[in-house]
file coords-v7.cif (mmCIF, C-alpha atoms (C1' of nucleotides))
data_input
#
loop_
_atom_site.label_atom_id
_atom_site.label_comp_id
_atom_site.auth_asym_id
_atom_site.auth_seq_id
_atom_site.Cartn_x
_atom_site.Cartn_y
_atom_site.Cartn_z
CA MET C 1 -7.29 -3.16 7.06
CA ALA C 2 -4.41 -2.52 4.69
CA ARG C 3 -2.09 -1.73 7.58
CA LEU C 4 -3.02 -4.89 9.49
CA LEU C 5 -2.43 -7.06 6.42
CA ALA C 6 0.91 -5.37 5.72
CA GLU C 7 1.98 -5.83 9.33
CA THR C 8 1.05 -9.49 9.12
CA ALA C 9 3.25 -9.75 6.02
CA ASP C 10 6.16 -8.15 7.92
CA LEU C 11 5.68 -10.48 10.88
CA LEU C 12 5.49 -13.52 8.61
CA GLU C 13 8.73 -12.44 7.02
CA ILE C 14 10.48 -12.10 10.38
CA ASP C 15 9.03 -15.51 11.22
CA GLY C 16 10.67 -16.94 8.09
CA GLY C 17 7.39 -17.79 6.41
CA ASP C 18 6.88 -18.74 2.78
CA GLY C 19 7.91 -15.87 0.51
CA PHE C 20 4.99 -16.24 -1.84
CA ARG C 21 2.49 -16.35 0.96
CA ILE C 22 4.09 -13.18 2.34
CA ARG C 23 3.76 -11.55 -1.05
CA SER C 24 0.07 -12.46 -1.10
CA TYR C 25 -0.43 -10.56 2.14
CA ARG C 26 1.44 -7.55 0.70
CA ARG C 27 -0.63 -7.67 -2.45
CA ALA C 28 -3.84 -7.93 -0.43
CA ALA C 29 -2.74 -4.94 1.65
CA GLU C 30 -2.28 -2.89 -1.50
CA ALA C 31 -5.59 -4.10 -2.85
CA ALA C 32 -7.33 -3.11 0.38
CA GLU C 33 -5.75 0.33 0.22
CA GLN C 34 -6.62 0.98 -3.40
CA THR C 35 -10.02 -0.61 -3.90
CA THR C 36 -13.09 1.58 -4.15
CA VAL C 37 -15.15 -1.15 -2.47
CA ASP C 38 -16.17 -0.27 1.09
CA LEU C 39 -14.59 -3.29 2.74
CA THR C 40 -16.44 -3.00 6.02
CA ALA C 41 -19.79 -2.78 4.27
CA ALA C 42 -18.88 -5.61 1.89
CA ALA C 43 -17.49 -7.88 4.61
CA GLY C 44 -20.63 -10.02 4.67
CA ASP C 45 -20.59 -10.45 0.90
CA THR C 46 -17.80 -12.92 0.15
CA ALA C 47 -18.46 -12.93 -3.61
CA ARG C 48 -17.98 -9.15 -3.68
CA LEU C 49 -14.64 -9.43 -1.84
CA LEU C 50 -13.44 -12.17 -4.20
CA GLU C 51 -13.96 -9.85 -7.17
CA ILE C 52 -11.11 -7.66 -5.92
CA PRO C 53 -7.83 -8.73 -7.59
CA GLY C 54 -5.44 -10.12 -5.00
CA ILE C 55 -8.24 -11.16 -2.64
CA GLY C 56 -8.89 -14.89 -2.59
CA LYS C 57 -10.63 -17.20 -0.20
CA GLY C 58 -8.12 -16.82 2.61
CA MET C 59 -7.89 -13.04 2.37
CA ALA C 60 -11.67 -12.72 2.25
CA THR C 61 -11.77 -14.60 5.54
CA ASN C 62 -9.05 -12.32 6.93
CA LEU C 63 -10.94 -9.18 5.87
CA GLN C 64 -14.09 -10.53 7.49
CA ALA C 65 -12.17 -11.22 10.68
CA ILE C 66 -10.82 -7.68 10.70
CA ALA C 67 -14.27 -6.23 10.06
CA THR C 68 -15.81 -8.07 12.98
CA SER C 69 -12.95 -8.26 15.51
CA GLY C 70 -10.56 -5.51 14.46
CA THR C 71 -7.70 -7.93 13.86
CA LEU C 72 -6.94 -11.31 12.32
CA PRO C 73 -5.85 -14.50 14.09
CA LEU C 74 -2.51 -14.92 12.31
CA ARG C 75 -1.42 -11.39 13.22
CA GLU C 76 -2.38 -11.90 16.87
CA GLU C 77 -0.52 -15.19 16.95
CA LEU C 78 2.65 -13.63 15.55
CA LEU C 79 2.39 -10.54 17.75
CA ALA C 80 2.13 -12.78 20.80
CA LYS C 81 5.36 -14.41 19.69
CA TYR C 82 7.34 -11.30 18.71
CA GLY C 83 5.68 -8.13 20.02
CA SER C 84 4.73 -5.07 18.00
CA SER C 85 7.94 -3.09 18.56
CA LEU C 86 9.77 -5.46 16.19
CA LEU C 87 7.82 -3.93 13.33
CA GLU C 88 9.34 -0.53 14.01
CA LEU C 89 12.83 -2.01 13.64
CA LEU C 90 12.02 -2.70 9.99
CA LYS C 91 11.80 1.02 9.35
CA LEU C 92 15.53 1.50 9.90
CA PRO C 93 17.50 1.73 6.65
CA GLY C 94 19.33 -1.48 5.83
CA MET C 95 17.20 -3.38 8.34
CA GLY C 96 15.15 -6.15 6.80
CA PRO C 97 13.30 -9.13 8.22
CA LYS C 98 16.35 -11.39 8.23
CA THR C 99 18.34 -8.94 10.31
CA VAL C 100 15.42 -8.32 12.67
CA ALA C 101 15.04 -12.08 13.13
CA LEU C 102 18.78 -12.38 13.77
CA LEU C 103 18.83 -9.60 16.37
CA TRP C 104 15.79 -11.06 18.08
CA SER C 105 17.02 -14.62 18.27
CA ALA C 106 20.69 -13.93 18.97
CA ALA C 107 20.52 -10.85 21.19
CA GLN C 108 16.88 -10.61 22.37
CA ILE C 109 16.56 -7.21 20.70
CA ALA C 110 12.93 -6.34 20.08
CA SER C 111 12.80 -2.56 19.61
CA ILE C 112 14.75 0.40 18.32
CA ASP C 113 15.55 1.52 21.87
CA GLU C 114 16.91 -1.92 22.75
CA LEU C 115 18.96 -1.93 19.56
CA ALA C 116 20.44 1.47 20.44
CA GLU C 117 21.35 0.19 23.90
CA ALA C 118 22.91 -2.98 22.50
CA ILE C 119 25.05 -0.95 20.10
CA GLU C 120 26.24 1.36 22.90
CA ALA C 121 27.06 -1.67 25.07
CA GLY C 122 28.96 -3.33 22.21
CA ARG C 123 26.72 -6.39 22.35
CA LEU C 124 26.35 -6.65 18.58
CA ALA C 125 29.98 -7.40 17.82
CA GLY C 126 30.54 -11.02 16.89
CA LEU C 127 27.05 -11.66 15.57
CA PRO C 128 26.89 -13.02 12.01
CA ARG C 129 27.01 -10.28 9.34
CA MET C 130 27.62 -7.65 12.00
CA GLY C 131 30.93 -6.07 11.14
CA ASP C 132 32.02 -2.61 12.27
CA LYS C 133 30.53 -0.96 9.19
CA GLN C 134 27.20 -2.67 9.60
CA ILE C 135 26.95 -1.66 13.25
CA GLU C 136 27.91 1.93 12.46
CA LYS C 137 25.27 1.95 9.72
CA LEU C 138 22.61 0.86 12.19
CA ARG C 139 23.71 3.46 14.72
CA LYS C 140 23.48 6.15 12.07
CA GLY C 141 20.16 4.74 10.88
CA ILE C 142 18.64 5.08 14.35
CA GLU C 143 19.85 8.67 14.52
CA ASP C 144 18.35 9.48 11.11
CA TYR C 145 15.11 7.71 11.92
CA ARG C 146 14.65 9.62 15.16
CA ARG C 147 15.43 12.90 13.44
CA SER C 148 13.43 12.72 10.27
CA ALA C 149 10.88 10.23 9.10
CA GLY C 150 8.20 10.62 6.50
CA ARG C 151 7.50 12.11 3.13
CA TYR C 152 8.19 15.51 1.60
CA ARG C 153 5.78 17.90 -0.09
CA ILE C 154 6.12 17.75 -3.83
CA ASP C 155 7.25 21.38 -4.14
CA VAL C 156 10.15 20.66 -1.78
CA ALA C 157 11.22 17.72 -3.94
CA GLU C 158 10.71 19.76 -7.10
CA GLU C 159 12.92 22.60 -5.92
CA ALA C 160 15.67 20.15 -4.91
CA ALA C 161 15.35 18.47 -8.33
CA GLN C 162 15.85 21.79 -10.09
CA ARG C 163 18.88 22.79 -8.03
CA ILE C 164 20.59 19.42 -8.37
CA GLY C 165 19.65 19.23 -12.05
CA ALA C 166 21.31 22.58 -12.76
CA TYR C 167 24.46 21.39 -10.94
CA LEU C 168 24.58 18.12 -12.89
CA LEU C 169 24.09 19.77 -16.28
CA ALA C 170 27.24 21.81 -15.68
CA PHE C 171 29.32 18.62 -15.99
CA PRO C 172 30.71 18.01 -19.49
CA GLY C 173 29.04 14.95 -20.98
CA ILE C 174 25.85 15.16 -18.93
CA GLU C 175 23.11 16.18 -21.33
CA LYS C 176 19.83 15.38 -19.72
CA VAL C 177 18.45 15.18 -16.18
CA THR C 178 14.90 13.91 -15.67
CA PRO C 179 13.09 13.52 -12.36
CA ALA C 180 11.25 10.20 -12.14
CA GLY C 181 9.40 8.56 -9.25
CA SER C 182 6.48 10.17 -7.45
CA LEU C 183 7.59 13.61 -8.58
CA ARG C 184 6.99 12.67 -12.21
CA ARG C 185 3.77 10.89 -11.30
CA GLY C 186 2.51 14.15 -9.84
CA ARG C 187 1.81 12.81 -6.36
CA GLU C 188 1.33 15.32 -3.56
CA THR C 189 4.31 14.01 -1.62
CA ALA C 190 7.53 12.17 -2.38
CA GLY C 191 9.39 9.74 -0.14
CA ASP C 192 12.59 10.34 -2.04
CA LEU C 193 13.82 11.99 -5.21
CA ASP C 194 14.84 9.94 -8.27
CA LEU C 195 16.94 11.73 -10.88
CA LEU C 196 17.84 10.03 -14.17
CA VAL C 197 20.91 11.36 -15.91
CA THR C 198 22.21 10.60 -19.38
CA GLY C 199 24.78 11.77 -21.91
CA PRO C 200 28.23 10.64 -23.09
CA ALA C 201 29.56 10.82 -19.52
CA CYS C 202 27.09 8.07 -18.60
CA ALA C 203 28.36 5.50 -21.10
CA PRO C 204 28.87 2.08 -19.49
CA GLU C 205 32.33 1.57 -17.95
CA HIS C 206 33.08 5.29 -18.20
CA THR C 207 30.91 6.71 -15.46
CA ALA C 208 33.57 7.19 -12.79
CA GLY C 209 34.10 10.90 -13.47
CA ALA C 210 30.41 11.70 -13.48
CA VAL C 211 29.83 9.60 -10.36
CA ASP C 212 32.52 11.53 -8.48
CA TYR C 213 31.00 14.79 -9.66
CA VAL C 214 27.54 13.80 -8.44
CA ALA C 215 28.99 12.78 -5.08
CA ALA C 216 30.62 16.21 -4.79
CA TYR C 217 27.30 18.09 -4.90
CA PRO C 218 27.64 20.81 -2.25
CA GLY C 219 24.21 20.24 -0.69
CA ILE C 220 24.93 16.65 0.37
CA LEU C 221 24.59 15.80 4.05
CA ASN C 222 25.85 12.23 3.75
CA ILE C 223 26.37 9.66 1.02
CA ILE C 224 24.33 6.49 1.37
CA ALA C 225 25.68 4.53 -1.59
CA LYS C 226 28.01 5.15 -4.51
CA GLY C 227 28.48 2.67 -7.33
CA GLU C 228 29.06 2.60 -11.07
CA ASN C 229 25.55 3.66 -12.06
CA LYS C 230 24.08 5.19 -8.96
CA VAL C 231 24.76 7.67 -6.20
CA SER C 232 22.37 7.96 -3.25
CA PHE C 233 22.60 10.68 -0.63
CA HIS C 234 20.68 12.72 1.91
CA LEU C 235 20.24 16.48 1.65
CA ALA C 236 20.43 18.64 4.75
CA ASN C 237 16.63 18.56 5.09
CA GLY C 238 16.75 14.75 5.20
CA LEU C 239 15.39 14.19 1.68
CA GLN C 240 16.98 11.13 0.10
CA VAL C 241 18.13 11.59 -3.49
CA ASP C 242 18.95 8.74 -5.89
CA VAL C 243 20.89 9.82 -8.97
CA ARG C 244 21.21 7.20 -11.71
CA LEU C 245 23.54 7.43 -14.70
CA LEU C 246 22.29 5.73 -17.84
CA PRO C 247 23.35 5.25 -21.45
CA SER C 248 20.86 6.95 -23.75
CA ALA C 249 20.06 3.60 -25.42
CA SER C 250 18.41 2.51 -22.15
CA TYR C 251 16.87 5.83 -21.21
CA GLY C 252 13.28 4.88 -22.01
CA ALA C 253 13.48 1.63 -20.09
CA ALA C 254 15.02 3.40 -17.11
CA LEU C 255 12.53 6.24 -17.21
CA GLN C 256 9.68 3.75 -17.30
CA TYR C 257 11.19 1.70 -14.53
CA PHE C 258 12.04 4.50 -12.12
CA THR C 259 8.81 6.37 -12.68
CA GLY C 260 6.89 3.40 -11.27
CA SER C 261 4.78 3.03 -9.33
CA LYS C 262 6.09 -0.23 -8.00
CA ALA C 263 2.69 -1.88 -8.42
CA HIS C 264 2.46 -0.63 -12.01
CA ASN C 265 5.90 -2.03 -12.77
CA VAL C 266 5.19 -5.44 -11.27
CA SER C 267 2.03 -5.75 -13.38
CA LEU C 268 3.87 -4.58 -16.47
CA ARG C 269 6.65 -7.12 -16.00
CA GLN C 270 4.15 -9.92 -15.51
CA ARG C 271 2.53 -8.89 -18.77
CA ALA C 272 5.94 -8.89 -20.46
CA LEU C 273 6.66 -12.42 -19.24
CA LYS C 274 3.36 -13.70 -20.62
CA MET C 275 4.35 -12.28 -23.98
CA GLY C 276 7.77 -13.99 -23.91
CA TYR C 277 9.69 -10.88 -22.86
CA THR C 278 11.51 -9.72 -19.77
CA LEU C 279 11.44 -6.09 -18.69
CA SER C 280 14.15 -4.43 -16.63
CA GLU C 281 15.49 -0.92 -16.21
CA TRP C 282 17.86 -1.64 -19.10
CA ALA C 283 15.52 -2.94 -21.77
CA LEU C 284 12.52 -4.94 -22.84
CA ALA C 285 14.17 -8.12 -24.15
CA ARG C 286 13.15 -11.49 -25.53
CA LEU C 287 13.25 -14.32 -23.00
CA ASP C 288 14.69 -16.88 -25.42
CA ASP C 289 17.74 -15.12 -26.86
CA ASN C 290 17.87 -11.99 -24.66
CA SER C 291 17.78 -9.72 -27.71
CA THR C 292 16.53 -6.17 -27.12
CA VAL C 293 13.00 -5.43 -28.27
CA ALA C 294 12.74 -1.83 -27.05
CA ALA C 295 14.76 0.35 -24.69
CA ALA C 296 15.37 3.92 -25.88
CA THR C 297 11.90 5.40 -25.33
CA GLU C 298 8.89 4.66 -23.17
CA GLU C 299 6.61 4.80 -26.17
CA GLU C 300 8.27 1.88 -27.94
CA ILE C 301 8.31 -0.22 -24.78
CA TYR C 302 4.59 0.23 -24.15
CA ALA C 303 3.91 -0.30 -27.86
CA ALA C 304 5.88 -3.58 -27.87
CA LEU C 305 3.72 -4.69 -24.94
CA GLY C 306 0.60 -3.97 -26.98
CA MET C 307 -0.28 -0.85 -25.05
CA ASP C 308 -0.73 2.85 -25.58
CA TRP C 309 1.78 5.13 -23.86
CA MET C 310 0.25 6.76 -20.83
CA PRO C 311 1.00 9.86 -18.75
CA ALA C 312 3.01 9.11 -15.61
CA GLU C 313 0.15 10.34 -13.41
CA LEU C 314 -1.89 7.26 -14.35
CA ARG C 315 0.71 4.66 -13.38
CA GLU C 316 -0.65 3.39 -10.08
CA ASN C 317 -1.89 -0.07 -11.16
CA LEU C 318 -5.50 0.98 -10.83
CA GLY C 319 -6.65 -0.44 -14.16
CA GLU C 320 -4.52 1.73 -16.46
CA ILE C 321 -2.61 -1.28 -17.85
CA GLU C 322 -5.80 -2.99 -19.00
CA ALA C 323 -7.15 0.32 -20.35
CA ALA C 324 -3.94 0.98 -22.29
CA ALA C 325 -4.15 -2.51 -23.83
CA ARG C 326 -7.76 -1.82 -24.89
CA HIS C 327 -6.67 1.58 -26.24
CA ALA C 328 -9.17 3.13 -23.90
CA LEU C 329 -7.07 5.35 -21.63
CA PRO C 330 -8.90 8.34 -20.20
CA ARG C 331 -7.86 11.82 -21.22
CA LEU C 332 -6.30 13.70 -18.30
CA ILE C 333 -7.21 17.25 -17.41
CA GLU C 334 -4.31 19.42 -18.60
CA LYS C 335 -3.32 22.94 -17.71
CA SER C 336 -4.70 23.97 -21.10
CA ASP C 337 -8.15 22.81 -19.95
CA ILE C 338 -8.26 25.50 -17.27
CA ARG C 339 -10.62 28.23 -18.51
CA GLY C 340 -10.25 30.86 -15.81
CA ASP C 341 -9.39 31.70 -12.23
CA LEU C 342 -12.05 32.79 -9.78
CA HIS C 343 -9.84 33.76 -6.87
CA MET C 344 -7.14 36.39 -7.42
CA HIS C 345 -5.66 39.04 -5.15
CA THR C 346 -3.77 42.07 -6.46
CA ASN C 347 -1.18 44.27 -4.82
CA ALA C 348 -4.03 46.53 -3.73
CA THR C 349 -4.32 44.16 -0.76
CA ASP C 350 -2.08 41.16 -0.09
CA GLY C 351 -1.27 40.04 -3.64
CA HIS C 352 2.04 40.69 -5.37
CA ASN C 353 1.04 41.96 -8.81
CA THR C 354 -1.06 44.71 -10.36
CA ILE C 355 -4.45 44.23 -11.97
CA ARG C 356 -2.84 44.71 -15.36
CA GLU C 357 -0.12 42.10 -14.69
CA MET C 358 -2.69 39.62 -13.47
CA ALA C 359 -4.86 40.17 -16.50
CA GLU C 360 -1.96 39.84 -18.91
CA ALA C 361 -0.81 36.63 -17.25
CA ALA C 362 -4.36 35.29 -17.57
CA VAL C 363 -4.46 36.13 -21.27
CA ALA C 364 -1.07 34.48 -21.74
CA ALA C 365 -2.37 31.35 -20.01
CA GLY C 366 -5.32 31.25 -22.41
CA PHE C 367 -7.94 32.02 -19.77
CA GLY C 368 -11.38 33.21 -20.85
CA TYR C 369 -12.13 35.01 -17.61
CA ILE C 370 -10.77 35.92 -14.19
CA ALA C 371 -12.24 37.26 -10.99
CA ILE C 372 -10.38 39.82 -8.88
CA THR C 373 -11.27 38.96 -5.30
CA ASP C 374 -9.36 41.40 -3.12
CA HIS C 375 -10.19 41.78 0.56
CA SER C 376 -12.71 44.27 1.84
CA LYS C 377 -12.10 46.00 5.13
CA ASN C 378 -12.94 44.04 8.20
CA LEU C 379 -11.50 43.43 11.63
CA ALA C 380 -9.16 40.65 10.61
CA MET C 381 -7.72 42.32 7.52
CA THR C 382 -5.37 45.22 8.02
CA ASN C 383 -4.98 46.13 4.37
CA GLY C 384 -8.51 45.46 3.15
CA LEU C 385 -10.19 47.95 0.84
CA ASP C 386 -12.62 50.41 2.38
CA ASP C 387 -15.56 51.53 0.25
CA LYS C 388 -13.71 54.41 -1.33
CA ARG C 389 -10.64 52.37 -2.30
CA ALA C 390 -12.84 49.50 -3.47
CA LEU C 391 -14.68 51.80 -5.88
CA GLU C 392 -11.35 53.11 -7.18
CA HIS C 393 -10.20 49.50 -7.59
CA VAL C 394 -13.25 48.61 -9.66
CA ALA C 395 -12.72 51.73 -11.78
CA ARG C 396 -9.13 50.61 -12.38
CA ILE C 397 -10.30 47.12 -13.35
CA LYS C 398 -12.66 48.66 -15.91
CA GLU C 399 -9.80 50.80 -17.20
CA VAL C 400 -7.45 47.80 -17.62
CA ASP C 401 -10.22 45.87 -19.31
CA ARG C 402 -10.70 48.74 -21.77
CA GLU C 403 -6.93 49.15 -22.36
CA MET C 404 -6.64 45.46 -23.15
CA GLY C 405 -9.50 45.56 -25.62
CA GLY C 406 -12.05 43.78 -23.45
CA ALA C 407 -15.74 44.46 -23.65
CA HIS C 408 -16.14 44.19 -19.86
CA SER C 409 -19.33 42.41 -20.64
CA GLY C 410 -19.32 40.39 -17.46
CA LEU C 411 -17.76 43.01 -15.21
CA ARG C 412 -19.54 43.45 -11.93
CA TRP C 413 -18.71 44.28 -8.38
CA ASP C 414 -20.00 42.26 -5.49
CA ARG C 415 -19.12 43.28 -2.01
CA GLY C 416 -18.29 40.15 -0.02
"C1'" DG P 1 -1.99 -17.35 -0.49
"C1'" DC P 2 -3.42 -16.12 -5.31
"C1'" DC P 3 -4.18 -17.25 -9.98
"C1'" DG P 4 -5.23 -19.22 -15.06
"C1'" DT P 5 -5.32 -17.09 -23.68
"C1'" DT P 6 -1.48 -24.38 -22.91
"C1'" DT P 7 -2.29 -24.88 -16.22
"C1'" DT P 8 -7.08 -26.37 -10.47
"C1'" DC P 9 -0.91 -27.49 -10.09
"C1'" DG P 10 2.91 -25.15 -10.14
"C1'" DG P 11 4.26 -21.17 -10.91
"C1'" DC P 12 4.89 -16.28 -8.69
"C1'" DC P 13 9.48 -9.25 -11.32
"C1'" DC P 14 14.36 -7.68 -11.73
"C1'" DG P 15 18.89 -5.78 -10.96
"C1'" DA P 16 22.19 -2.67 -8.14
"C1'" DC P 17 24.73 -2.03 -4.10
"C1'" DT P 18 26.88 -3.27 0.36
"C1'" DG P 19 29.44 -5.84 3.47
"C1'" DT P 20 31.81 -9.57 4.53
"C1'" DT P 21 30.30 -15.13 3.44
"C1'" DT P 22 36.10 -16.59 -0.57
"C1'" DT P 23 31.13 -17.23 -3.95
"C1'" DC P 24 26.93 -14.70 -1.76
"C1'" DA P 25 23.02 -13.08 1.36
"C1'" DG P 26 20.39 -9.28 2.52
"C1'" DT P 27 18.26 -5.05 1.46
"C1'" DC P 28 16.40 -1.73 -1.48
"C1'" DG P 29 13.77 0.50 -5.06
#
call {"tool": "encode", "arguments": {"input": "coords-v7.cif", "output": "structure tokens"}}
result
Amino acid sequence: MARLLAETADLLEIDGGDGFRIRSYRRAAEAAEQTTVDLTAAAGDTARLLEIPGIGKGMATNLQAIATSGTLPLREELLAKYGSSLLELLKLPGMGPKTVALLWSAAQIASIDELAEAIEAGRLAGLPRMGDKQIEKLRKGIEDYRRSAGRYRIDVAEEAAQRIGAYLLAFPGIEKVTPAGSLRRGRETAGDLDLLVTGPACAPEHTAGAVDYVAAYPGILNIIAKGENKVSFHLANGLQVDVRLLPSASYGAALQYFTGSKAHNVSLRQRALKMGYTLSEWALARLDDNSTVAAATEEEIYAALGMDWMPAELRENLGEIEAAARHALPRLIEKSDIRGDLHMHTNATDGHNTIREMAEAAVAAGFGYIAITDHSKNLAMTNGLDDKRALEHVARIKEVDREMGGAHSGLRWDRG
DNA sequence: GCCGTTTTCGGCCCGACTGTTTTCAGTCG
């Protein structure tokens, strides 16, 4: 349902529809994706649908149409006019609805393949806003899109963040590098990597040296954009990295802004406006005289908005803004809440560390208990413990427990 | 098309970067 509503928003945009109506479809798509209400089951209950923020009378009707017919009339109408392959064009970088509409009306281009052909045939030259650079950008965009599309596992993004961070910190005048975006929010995947950088080298008007240094990072495949405050590039694995240089006075505002999520930020800025403020990546400022209210830390920005600061993991616009205003944020499970580990392999089979090392690491992590769960011998396991080695292993566990002052009160051996 | 702590009408988030349009439109995050 969310996808169909989002597609309808895209089609409306290509069609030149009202921007606010388009935004309503986007908002409804997000609402459909995030709600815990079973929309198919609730389709007959209009009042229930209307309780969902972003769903009004029209969207309730749309959801009901999707539940019964699998689509909605407006989407069908627009698809009949434009065809579904137009939607794929929007996925190319730099390609928005206005450009798609232009290509469609001026050159009858309705798909990525047709666009590639038109570029090869030189049919784009002479169209409005289609200079050499723009055409080359599209050509490159098609290449990139066909090669790599999608999101990256968080550990991939994390490793890239560490490597780039170490490189950046070597530049004189760069003092701090902080990953923002989905990496900071602890999502499982990241679409791109946002790195915020501050220090004397990031002072306004004096960023040129630092910008050049960023753009000289050895792992860069190609530079997407390079300005006064920002450098965007692709790494060899296709991951897009946005590096932003900020004065420390704005660091909190920028960190808040680039951590997102987008939905969280939109809600937060609406709240700011209602309170007579405007929130940007530079500061929370008064609407009337533009004077800064808060900017240096996230804490003071949230406080000025009448809210508690919240961990980045909560910022998905799923009720956390209201909860923070009521001072009723939930406590997140932290690493320190983990009491033990019930699945550990040692180097007796396919682990990498000894019993003693595992036990010491567990103590250091504050665990109350661990379970050593090495493999027994079976057909699939080449290095599993036979009965004799297993008994020796247990004896060694008892020995380590004794050496480390344990009472081995709960020690037992179960053959699995 | 949605929404409401002055409103059922009249609003709706904000700024950077790019390319090409001599003053700005389009895209992006």
call {"tool": "residues_near_point", "arguments": {"input": "coords-v7.cif", "point": "(9.7, -15.9, 19.9)", "cutoff": "9 Å", "atoms": "all atoms listed in the file", "output": "PyMOL selection string"}}
result
chain C and resi 15+78+80-83+104-105
call {"tool": "resolve_selection", "arguments": {"input": "coords-v7.cif", "expression": "the PyMOL selection byres ((chain C) within 7 of (chain P))", "output": "PyMOL selection string"}}
result
chain C and resi 20-21+24+54+56+58+94+96+129+227+266+269-270+280
call {"tool": "residues_around", "arguments": {"input": "coords-v7.cif", "residues": "Ala161 of chain C", "least_positions_apart": "5", "cutoff": "9 Å", "atoms": "only C-alpha atoms (C1' of nucleotides)", "output": "MDAnalysis selection string"}}
result
chainID C and resid 156 166 178:179 193:195 241
call {"tool": "resolve_selection", "arguments": {"input": "coords-v7.cif", "expression": "the PyMOL selection byres ((chain C and resi 294) around 10)", "output": "MDAnalysis selection string"}}
result
chainID C and resid 249:250 252:253 279 282:286 291:293 295:305
call {"tool": "resolve_selection", "arguments": {"input": "coords-v7.cif", "expression": "the PyMOL selection byres ((chain C and resi 70-72) around 12)", "output": "PyMOL selection string"}}
result
chain C and resi 1-8+40+58-69+73-79
call {"tool": "closest_residue", "arguments": {"input": "coords-v7.cif", "among": "C:Gly306, C:Gly181, C:Gly351, C:Pro128", "to": "Gln256 of chain C", "atoms": "all atoms listed in the file"}}
result
C:Gly181
call {"tool": "atom_distance", "arguments": {"input": "coords-v7.cif", "atom1": "atom CA of Phe233 of chain C", "atom2": "atom CA of Gly209 of chain C"}}
result
17.2 Å
call {"tool": "residues_around", "arguments": {"input": "coords-v7.cif", "residues": "Asn222 of chain C", "least_positions_apart": "2", "cutoff": "8 Å", "atoms": "all atoms listed in the file", "output": "number ranges by chain"}}
result
C: 220, 224, 233-235
call {"tool": "atom_distance", "arguments": {"input": "coords-v7.cif", "atom1": "atom CA of Pro218 of chain C", "atom2": "atom CA of Arg151 of chain C"}}
result
22.6 Å
call {"tool": "atom_distance", "arguments": {"input": "coords-v7.cif", "atom1": "atom CA of Ala312 of chain C", "atom2": "atom CA of Arg185 of chain C"}}
result
4.7 Å
call {"tool": "axis_aligned_box", "arguments": {"input": "coords-v7.cif", "around": "segment 4-13 of chain P", "padding_each_side": "6 Å", "output": "AutoDock Vina command-line options"}}
result
--center_x 1.2 --center_y -18.4 --center_z -16.2 --size_x 28.6 --size_y 30.2 --size_z 27.0
call {"tool": "residues_around", "arguments": {"input": "coords-v7.cif", "residues": "Ile372 of chain C", "least_positions_apart": "6", "cutoff": "7 Å", "atoms": "only C-alpha atoms (C1' of nucleotides)", "output": "PyMOL selection string"}}
result
chain C and resi 343-345
call {"tool": "write_last_selection", "arguments": {"input": "coords-v7.cif", "atoms": "C-alpha atoms", "output": "PDB file, in the frame of the given file"}}
result
ATOM      1  CA  HIS C 343      -9.840  33.760  -6.870  1.00  0.00           C
ATOM      2  CA  MET C 344      -7.140  36.390  -7.420  1.00  0.00           C
ATOM      3  CA  HIS C 345      -5.660  39.040  -5.150  1.00  0.00           C
TER       4      HIS C 345
END
call {"tool": "decode", "arguments": {"input": "coords-v7.cif", "residues": "segment 273-296 of chain C", "atoms": "C-alpha atoms", "output": "PDB file, in the first residue's frame"}}
result
ATOM      1  CA  LEU C 273       7.498  27.026  13.618  1.00  0.00           C
ATOM      2  CA  LYS C 274       4.531  26.735  15.970  1.00  0.00           C
ATOM      3  CA  MET C 275       6.764  28.019  18.745  1.00  0.00           C
ATOM      4  CA  GLY C 276       7.931  31.016  16.680  1.00  0.00           C
ATOM      5  CA  TYR C 277      11.267  29.485  15.697  1.00  0.00           C
ATOM      6  CA  THR C 278      12.845  28.183  12.530  1.00  0.00           C
ATOM      7  CA  LEU C 279      15.163  25.187  12.574  1.00  0.00           C
ATOM      8  CA  SER C 280      17.872  24.558  10.009  1.00  0.00           C
ATOM      9  CA  GLU C 281      21.195  22.744   9.935  1.00  0.00           C
ATOM     10  CA  TRP C 282      22.810  25.982  11.124  1.00  0.00           C
ATOM     11  CA  ALA C 283      20.709  26.888  14.137  1.00  0.00           C
ATOM     12  CA  LEU C 284      17.399  27.093  15.907  1.00  0.00           C
ATOM     13  CA  ALA C 285      16.527  30.778  15.454  1.00  0.00           C
ATOM     14  CA  ARG C 286      13.690  33.144  16.233  1.00  0.00           C
ATOM     15  CA  LEU C 287      11.357  33.822  13.306  1.00  0.00           C
ATOM     16  CA  ASP C 288      10.958  37.532  14.050  1.00  0.00           C
ATOM     17  CA  ASP C 289      14.553  38.767  14.324  1.00  0.00           C
ATOM     18  CA  ASN C 290      16.473  35.660  13.194  1.00  0.00           C
ATOM     19  CA  SER C 291      18.504  35.620  16.416  1.00  0.00           C
ATOM     20  CA  THR C 292      20.020  32.273  17.393  1.00  0.00           C
ATOM     21  CA  VAL C 293      18.277  30.392  20.182  1.00  0.00           C
ATOM     22  CA  ALA C 294      20.412  27.244  20.185  1.00  0.00           C
ATOM     23  CA  ALA C 295      22.967  25.732  17.816  1.00  0.00           C
ATOM     24  CA  ALA C 296      26.073  24.286  19.461  1.00  0.00           C
TER      25      ALA C 296
END
